[in-house]
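Below: the structure, in structure tokens.
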Amino acid sequence: MKSSIMQGARILATGSAVPNLCINNHQISQIVNTSNEWIVTRTGIKERRILNGINKSVVDLASTASLNALKKIAMDPLEIDLIILATSSPNDLFGSASQLQAKIGANNAVAFDLTAACSGFVLSIVTATQFLQTGCYKNILIVGADVLSKWVDWSDRSTCILFGDGAGAAIVQRCSQQDNGILGFQLNTDGKQFDQLSIAYEEDIASKEKLNIFKGRFNNIIMNGKEIYKFAVSKVPISILKCLNSLQIDTKDVNWLLLHQANERILNAVANRLSVDSNKLISNLSKYGNTSAASIPLALDEALTNNQIKKGDIIVIAGFGAGLTWGTVVIKWKC
Ligand code: ACO
């Protein structure tokens, strides 16, 4: 008989992948009316990676990131019980997680997509943790991957400067309560503001078919930058503080602040509101731009590879974006 005692969960390994094509701000300024100086000053972004090539998709990036994570701990893909792929840019509306499962040979895993824009990775950690804490599964692969370049209007200077493509993966494993590394979370949604940032489906009136059925298509990304900025700077610190308070952790005991990599000014403003020193911010935004669901695991993997994060460190992870969705997960690094 299974014990009803809740188990712990911890991240065992991470991996990441970005496409080879690197587009810098000077190149962007050749296609829209902008400048390197404007982009760097307003966002902190210097360059981004873009997925090109025929038939390349989010699955290619997600599988490379996943295999990199598995390799670090020499784990056989057959040991994975569940795959959660956080993405808003699947290559199939029915989902891409099953293609990821097949591509990495994780034949014993059930797989599904999770759509929550730039909060997708935070929601994936929390979802995975529920399956682990109940004792249901042992090893879960969570992946944040997006290719928003496919949905960007490359003639819109207010959005095309921001986004890049990438993927980050983490293997989360069940453990004893004593070794638990996922300390707590706080999640939010405000659907009334969905249209501040969206890739909307639109019916094409001219396409009326038999039985009065309309067919349509998805538009490019539209964003009210100012409102999203205000939303992030005001709501994210509240979520972080609620989560830390529930865990009785003081902000001065936080070692790292890992926020969704949207804009350097947002990262600094959130750190400032929390009175957390900006040298505790993990940031790789200048190299990759906003990679949506990939941004947090990409930055986490880089920080671990650079030995920035040490065993026992408290990491506050917060995501925010379309939906609107936002939330926090607090981690104690255990490996
Ligand atoms: N180059 C030059 N000028 C520009 C550009 C550009 N690329 N883009 C806009 N401008 C102009 C505007 O037209 C405007 O000109 P005007 O004053 O003559 O009208 C001026 O610059 C100022 O524009 P603002 O929109 O006020 O610029 P702001 O300082 O707000 O920066 C930005 C814009 C970078 C988009 C900022 O609002 C931002 O980062 N917002 C948050 C975005 C974000 O976090 N998104 C996360 C979403 S993640 C997800 O869920 C997918």
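Numbering starts fresh at 1 for the residues of each chain in the structure tokens, the chains themselves are lettered A, B, ... in the order given, and ligands are numbered from 1 as they appear.
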
Please report, as a tab-separated table, each residue of chain A lying at most 7 Å from ligand 1, together with the nearest pair of atoms and the separation in Å rounded to one decimal; use only C-alpha atoms and all ligand atoms, and order rows by chain and ascending residue number.
```
residue	atom	partner	partner_atom_place_in_ligand_line	distance
A:Asn33	CA	ligand 1	1 (N)	6.1
A:Thr34	CA	ligand 1	1 (N)	3.7
A:Ser35	CA	ligand 1	1 (N)	6.0
A:Trp38	CA	ligand 1	1 (N)	5.6
A:Ile39	CA	ligand 1	7 (N)	6.1
A:Arg42	CA	ligand 1	34 (C)	5.3
A:Thr43	CA	ligand 1	34 (C)	5.3
A:Ala117	CA	ligand 1	50 (O)	4.7
A:Cys118	CA	ligand 1	50 (O)	4.3
A:Arg157	CA	ligand 1	7 (N)	4.3
A:Ser158	CA	ligand 1	8 (N)	3.8
A:Thr159	CA	ligand 1	35 (C)	6.5
A:Ile161	CA	ligand 1	7 (N)	5.9
A:Leu197	CA	ligand 1	50 (O)	6.8
A:Gly225	CA	ligand 1	37 (O)	3.7
A:Lys226	CA	ligand 1	37 (O)	4.2
A:Ile228	CA	ligand 1	41 (C)	4.8
A:Tyr229	CA	ligand 1	41 (C)	4.0
A:Ala232	CA	ligand 1	44 (O)	6.9
A:Ala262	CA	ligand 1	44 (O)	4.5
A:Asn263	CA	ligand 1	39 (O)	5.1
A:Asn290	CA	ligand 1	48 (S)	6.8
A:Ser292	CA	ligand 1	51 (C)	5.1
A:Phe320	CA	ligand 1	50 (O)	6.4
A:Gly321	CA	ligand 1	50 (O)	3.2
A:Ala322	CA	ligand 1	50 (O)	3.9
```

Residues from the last selection, N, CA and C atoms, saved as a PDB file, in the first residue's frame:
```pdb
ATOM      1  N   ASN A  33      12.557  50.797 -38.479  1.00  0.00           N
ATOM      2  CA  ASN A  33      13.127  52.078 -38.073  1.00  0.00           C
ATOM      3  C   ASN A  33      13.453  52.063 -36.574  1.00  0.00           C
ATOM      4  N   THR A  34      14.636  51.545 -36.257  1.00  0.00           N
ATOM      5  CA  THR A  34      15.079  51.502 -34.863  1.00  0.00           C
ATOM      6  C   THR A  34      16.597  51.629 -34.838  1.00  0.00           C
ATOM      7  N   SER A  35      17.169  51.540 -33.642  1.00  0.00           N
ATOM      8  CA  SER A  35      18.636  51.622 -33.554  1.00  0.00           C
ATOM      9  C   SER A  35      19.112  50.726 -32.415  1.00  0.00           C
ATOM     10  N   TRP A  38      18.593  52.535 -29.084  1.00  0.00           N
ATOM     11  CA  TRP A  38      17.225  52.538 -28.557  1.00  0.00           C
ATOM     12  C   TRP A  38      16.926  51.177 -27.906  1.00  0.00           C
ATOM     13  N   ILE A  39      17.262  50.112 -28.614  1.00  0.00           N
ATOM     14  CA  ILE A  39      16.906  48.772 -28.106  1.00  0.00           C
ATOM     15  C   ILE A  39      17.670  48.462 -26.809  1.00  0.00           C
ATOM     16  N   ARG A  42      16.327  50.760 -23.890  1.00  0.00           N
ATOM     17  CA  ARG A  42      14.950  50.477 -23.425  1.00  0.00           C
ATOM     18  C   ARG A  42      14.741  49.048 -22.964  1.00  0.00           C
ATOM     19  N   THR A  43      15.606  48.114 -23.438  1.00  0.00           N
ATOM     20  CA  THR A  43      15.320  46.704 -23.116  1.00  0.00           C
ATOM     21  C   THR A  43      16.511  45.934 -22.540  1.00  0.00           C
ATOM     22  N   ALA A 117       2.100  31.007 -21.906  1.00  0.00           N
ATOM     23  CA  ALA A 117       3.028  32.043 -22.388  1.00  0.00           C
ATOM     24  C   ALA A 117       4.315  32.049 -21.567  1.00  0.00           C
ATOM     25  N   CYS A 118       4.698  33.243 -21.131  1.00  0.00           N
ATOM     26  CA  CYS A 118       6.000  33.372 -20.448  1.00  0.00           C
ATOM     27  C   CYS A 118       5.968  32.859 -19.013  1.00  0.00           C
ATOM     28  N   ARG A 157       8.148  47.464 -35.259  1.00  0.00           N
ATOM     29  CA  ARG A 157       9.363  47.703 -34.450  1.00  0.00           C
ATOM     30  C   ARG A 157       9.113  47.602 -32.941  1.00  0.00           C
ATOM     31  N   SER A 158       7.831  47.745 -32.555  1.00  0.00           N
ATOM     32  CA  SER A 158       7.562  47.708 -31.114  1.00  0.00           C
ATOM     33  C   SER A 158       7.607  46.282 -30.547  1.00  0.00           C
ATOM     34  N   THR A 159       7.491  45.273 -31.403  1.00  0.00           N
ATOM     35  CA  THR A 159       7.559  43.892 -30.905  1.00  0.00           C
ATOM     36  C   THR A 159       8.741  43.087 -31.470  1.00  0.00           C
ATOM     37  N   ILE A 161      11.738  43.625 -32.018  1.00  0.00           N
ATOM     38  CA  ILE A 161      13.043  43.788 -31.365  1.00  0.00           C
ATOM     39  C   ILE A 161      13.183  42.917 -30.110  1.00  0.00           C
ATOM     40  N   LEU A 197      -1.797  41.365 -24.681  1.00  0.00           N
ATOM     41  CA  LEU A 197      -0.694  40.644 -25.335  1.00  0.00           C
ATOM     42  C   LEU A 197      -1.271  39.346 -25.882  1.00  0.00           C
ATOM     43  N   GLY A 225       2.806  47.367 -24.958  1.00  0.00           N
ATOM     44  CA  GLY A 225       4.070  47.312 -24.207  1.00  0.00           C
ATOM     45  C   GLY A 225       4.022  48.045 -22.883  1.00  0.00           C
ATOM     46  N   LYS A 226       3.434  49.248 -22.911  1.00  0.00           N
ATOM     47  CA  LYS A 226       3.404  50.063 -21.681  1.00  0.00           C
ATOM     48  C   LYS A 226       2.599  49.380 -20.581  1.00  0.00           C
ATOM     49  N   ILE A 228       1.885  46.144 -20.301  1.00  0.00           N
ATOM     50  CA  ILE A 228       2.566  44.917 -19.846  1.00  0.00           C
ATOM     51  C   ILE A 228       3.712  45.282 -18.902  1.00  0.00           C
ATOM     52  N   TYR A 229       4.383  46.352 -19.231  1.00  0.00           N
ATOM     53  CA  TYR A 229       5.481  46.829 -18.371  1.00  0.00           C
ATOM     54  C   TYR A 229       4.959  47.166 -16.975  1.00  0.00           C
ATOM     55  N   ALA A 232       3.855  44.035 -15.061  1.00  0.00           N
ATOM     56  CA  ALA A 232       4.974  43.214 -14.550  1.00  0.00           C
ATOM     57  C   ALA A 232       5.601  43.856 -13.311  1.00  0.00           C
ATOM     58  N   ALA A 262      12.344  39.478 -19.844  1.00  0.00           N
ATOM     59  CA  ALA A 262      11.557  40.268 -20.801  1.00  0.00           C
ATOM     60  C   ALA A 262      12.226  41.592 -21.124  1.00  0.00           C
ATOM     61  N   ASN A 263      12.740  42.243 -20.103  1.00  0.00           N
ATOM     62  CA  ASN A 263      13.291  43.587 -20.273  1.00  0.00           C
ATOM     63  C   ASN A 263      14.173  43.878 -19.046  1.00  0.00           C
ATOM     64  N   ASN A 290      13.715  38.055 -25.344  1.00  0.00           N
ATOM     65  CA  ASN A 290      12.618  37.395 -24.630  1.00  0.00           C
ATOM     66  C   ASN A 290      12.283  36.083 -25.351  1.00  0.00           C
ATOM     67  N   SER A 292      10.274  33.791 -24.169  1.00  0.00           N
ATOM     68  CA  SER A 292       8.986  33.333 -23.651  1.00  0.00           C
ATOM     69  C   SER A 292       9.167  32.179 -22.647  1.00  0.00           C
ATOM     70  N   PHE A 320       5.953  35.877 -15.904  1.00  0.00           N
ATOM     71  CA  PHE A 320       4.813  36.770 -16.157  1.00  0.00           C
ATOM     72  C   PHE A 320       4.648  36.931 -17.658  1.00  0.00           C
ATOM     73  N   GLY A 321       3.427  37.133 -18.074  1.00  0.00           N
ATOM     74  CA  GLY A 321       3.225  37.340 -19.511  1.00  0.00           C
ATOM     75  C   GLY A 321       1.776  37.217 -19.913  1.00  0.00           C
ATOM     76  N   ALA A 322       1.584  36.837 -21.187  1.00  0.00           N
ATOM     77  CA  ALA A 322       0.249  36.815 -21.777  1.00  0.00           C
ATOM     78  C   ALA A 322      -0.697  35.954 -20.941  1.00  0.00           C
TER      79      ALA A 322
END
```

Alpha helix (DSSP H) per DSSP on the backbone: members of region 184-247 of chain A, as number ranges by chain:
A: 225-246

Atoms kept (C-alpha atoms) for selection, written as a PDB file, in the first residue's frame:
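Now in result_19.pdb:
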```
ATOM      1  CA  GLY A 225       4.070  47.312 -24.207  1.00  0.00           C
ATOM      2  CA  LYS A 226       3.404  50.063 -21.681  1.00  0.00           C
ATOM      3  CA  GLU A 227       0.576  48.163 -19.960  1.00  0.00           C
ATOM      4  CA  ILE A 228       2.566  44.917 -19.846  1.00  0.00           C
ATOM      5  CA  TYR A 229       5.481  46.829 -18.371  1.00  0.00           C
ATOM      6  CA  LYS A 230       3.302  48.361 -15.643  1.00  0.00           C
ATOM      7  CA  PHE A 231       1.634  45.013 -14.958  1.00  0.00           C
ATOM      8  CA  ALA A 232       4.974  43.214 -14.550  1.00  0.00           C
ATOM      9  CA  VAL A 233       6.554  45.822 -12.307  1.00  0.00           C
ATOM     10  CA  SER A 234       3.509  46.107 -10.039  1.00  0.00           C
ATOM     11  CA  LYS A 235       2.234  42.507  -9.808  1.00  0.00           C
ATOM     12  CA  VAL A 236       5.402  40.391  -9.838  1.00  0.00           C
ATOM     13  CA  PRO A 237       6.882  41.795  -6.583  1.00  0.00           C
ATOM     14  CA  ILE A 238       3.544  41.183  -4.827  1.00  0.00           C
ATOM     15  CA  SER A 239       3.504  37.548  -5.964  1.00  0.00           C
ATOM     16  CA  ILE A 240       7.110  37.062  -4.846  1.00  0.00           C
ATOM     17  CA  LEU A 241       6.469  38.615  -1.435  1.00  0.00           C
ATOM     18  CA  LYS A 242       3.302  36.537  -0.885  1.00  0.00           C
ATOM     19  CA  CYS A 243       5.260  33.383  -1.690  1.00  0.00           C
ATOM     20  CA  LEU A 244       8.241  34.285   0.497  1.00  0.00           C
ATOM     21  CA  ASN A 245       5.967  35.304   3.384  1.00  0.00           C
ATOM     22  CA  SER A 246       4.086  32.001   3.207  1.00  0.00           C
TER      23      SER A 246
END
```

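Nearest residue to Asn224 (chain A), choosing from A:Asp195, A:Ile296, A:Val18, A:Leu247 and counting only C-alpha atoms: A:Asp195.
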
Shortest contact to Cys335 (chain A), candidates A:Ile282, A:Ala145, A:Leu304, A:Ile104, atoms counted only C-alpha atoms, goes to A:Leu304

A straight line from CA of Leu258 (chain A) to CA of Thr134 (chain A) spans 27.0 Å

CA of Arg10 (chain A) sits from CA of Thr325 (chain A) at a separation of 23.9 Å

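In this comparison, which uses only C-alpha atoms, the residue of A:Ala102, A:Leu324, A:Ala97, A:Ile11 approaching Ile171 (chain A) most closely is A:Ile11.
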
- Task: Extract, using only C-alpha atoms, all DNA, RNA and protein residues at most 7 Å from Trp333 (chain A), discarding same-chain residues fewer than 4 positions from it, and format them as an NGL selection string.
- Result: :A and (181 or 311-314)

Test item, strand (DSSP E or B) assignment across region 26-238 of chain A, answer as an MDAnalysis selection string: chainID A and resid 47:49 82:86 110:114 139:146 163 166:175 182:189 197:198 201:204 215:218 222:223
